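Written out below as structure tokens is the structure these notes cover.
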Amino acid sequence: MSGPNVYINHTAAFFPNEPVSNDEMESYLGYIDNKPSKSRNIVLRNNGIINRYYALTKDRKSTHTNAQMTALAVKALFGNDTEKIKEIELLSCGTSSPDQMLPSHGVMTHGWLPESGSIEVVSPSGVCCAGMHALKYAYLAIKAGDVKKAVATGSERFSGLLVAEVFEEEAQKLKEMEENPYIAFQKDFLRWMLSDGASAFLMTDQPNKEGLSLRIDWIEGVSYANQMDACMYMGAEKLEDGSLKGFMDYTPEEIMTKSVFSIKQDITLLSDNIIKLGGIKIREIFERRGLTAKDIDHFLPHISSNFFKSKIYDMIEEYGGGIPYEKWFINLFTVGNVGAASVYLMIDELFKSGKLKKGEKILLLVPESGRFSYMYAMLTVC
């Protein structure tokens, strides 16, 4: 695509409150039916996460909204300099956990930025790829010459959906029916996986005059929803035929007693397909662009669990020649799985690490299990 080059000039991150260790998790999220989770230790052992962040107090009161966290990350890009914030021409905000269904997450974030002007705002939705879609929209807007200065963000506030109160009505209903009051694994599983936070990029058509910038060489995506059932979902229940029944087709009582608004994942569908499908597109990209693993200096794969690390390694080995672990950069274990923000948070930490050198290539891989979508991008340090 012709047009100006597009650069990430500055990055910023915001985490709410202090990091939460594995042993502290249930003191924040609470106990369903006053019983410790049966799956917590198993999930934590597999995912390798040792710290995460919650926009919650220990009495499960919210400390920040998603939009507030995102706006704080945006402000951090400019050192809270209100005059510089006024220079933003486009705000592109991706999340899978907006504070409400309407208005959009992007305009709610804009509402927390009174210093900015009246600008274009866009809100890509989805799951983990939503942050990459926000990045691509900003990239294309600059590439097309529509704007010269844009901000793209990725953020999540999952914690409000993970607290025990979300599941209590269902647990009590199961007890009334004399069934096991433990919540199904596909719901309880994600309570020990997800984290809160926000990150933002300042993007322009010129590299920094001093210091490093990241040039976006290309961004590509693919969806396999035409051939795959939903795997990760919220505000719906999965029926026996694989289709989703959305919240509008449930009664208010059913919404509570079935925890319809909890986040759920079909674990079998995930483990059988997430790596396999991701490899199809990366092989096609490598072949079409004439790339090999030797061309990659830093590999930033978004993984939800350490369980998938070796499987991604094997997939790259098969399709792209293999990227040794010393080229990988992952911060899942210290910040948790922050969904649409995860790839931003990896880039932010790497960008500020002092490890980057001009001319190096950074490959991004973001899988999304919602209905199996993937985003890939290449950055060049300049």
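Residues are named by chain letter and number: chains run A, B, ... in the order of the structure tokens, numbers start at 1 in each chain, and ligands are numbered from 1 in the order shown.
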DSSP says alpha helix (DSSP H) for which residues of segment 33-159 of chain A? Put them as number ranges by chain? A: 40-47, 66-77, 82-85, 105-111, 129-143
Residues within 10 Å of segment 41-55 of chain A, only C-alpha atoms, excluding chain neighbours under 3 positions, as a VMD selection string: chain A and resid 15 to 25 28 to 29 37 to 38 58 60 to 66 69 156 to 160 188 to 197 303 to 309 331 to 338
Rows by chain and residue number, segment 128-164 of chain A within 8 Å of segment 198-210 of chain A, shortest pair, only C-alpha atoms, as a tab-separated table:
residue	atom	partner	partner_atom	distance
A:Ala138	CA	A:Met203	CA	7.6
A:Tyr139	CA	A:Met203	CA	7.7
A:Ile142	CA	A:Asp205	CA	6.5
A:Lys143	CA	A:Asp205	CA	7.8
A:Lys148	CA	A:Thr204	CA	5.3
A:Lys149	CA	A:Thr204	CA	4.6
A:Ala150	CA	A:Met203	CA	5.2
A:Val151	CA	A:Leu202	CA	4.8
A:Ala152	CA	A:Phe201	CA	5.3
A:Thr153	CA	A:Ala200	CA	4.3
A:Gly154	CA	A:Ser199	CA	5.6
A:Ser155	CA	A:Ala198	CA	4.0
A:Glu156	CA	A:Ala198	CA	6.5
From a DSSP pass on the backbone, collect the residues of segment 67-256 of chain A flagged as strand (DSSP E or B) and hand them back as a ChimeraX atom specification. /A:90-95,120-122,149-156,194,197-204,214-223,232-234,236-238,244-246
With distances taken over only C-alpha atoms, the candidate from A:Ser271, A:Ser342, A:Thr380, A:Ser27 nearest His298 of chain A is A:Thr380
What are the closest atom pairs, with distances in Å to one decimal, for all residues of segment 305-345 of chain A lying within 8 Å of segment 95-108 of chain A? Consider only C-alpha atoms, order rows by chain and residue number, and present the result as a Markdown table.
| residue | atom | partner | partner_atom | distance |
| --- | --- | --- | --- | --- |
| A:Gly339 | CA | A:Ser96 | CA | 7.5 |
| A:Ala340 | CA | A:Thr95 | CA | 5.5 |
| A:Ala341 | CA | A:Thr95 | CA | 7.6 |
Can you write out the residues you just picked, keeping all heavy atoms, as a compact mmCIF listing (two decimals), in the first residue's frame?
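Once written, result-v9.txt looks like this:
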# COMPACT_ATOMS: atom_id res chain seq x y z
N GLY A 339 -5.90 -9.73 27.53
CA GLY A 339 -6.71 -9.76 26.32
C GLY A 339 -6.23 -8.81 25.24
O GLY A 339 -5.10 -8.90 24.75
N ALA A 340 -7.09 -7.87 24.86
CA ALA A 340 -6.80 -6.94 23.77
C ALA A 340 -5.62 -6.03 24.06
O ALA A 340 -5.05 -5.42 23.15
CB ALA A 340 -8.04 -6.09 23.46
N ALA A 341 -5.24 -5.92 25.34
CA ALA A 341 -4.10 -5.06 25.71
C ALA A 341 -2.78 -5.81 25.72
O ALA A 341 -1.71 -5.19 25.77
CB ALA A 341 -4.34 -4.44 27.09
Of the candidates A:Val121, A:Ile32, A:Leu212, A:Cys129, which shows the shortest atom-to-atom distance to Phe167 of chain A, using only C-alpha atoms?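 Once distances to Phe167 of chain A are computed over only C-alpha atoms, the minimum belongs to A:Ile32.
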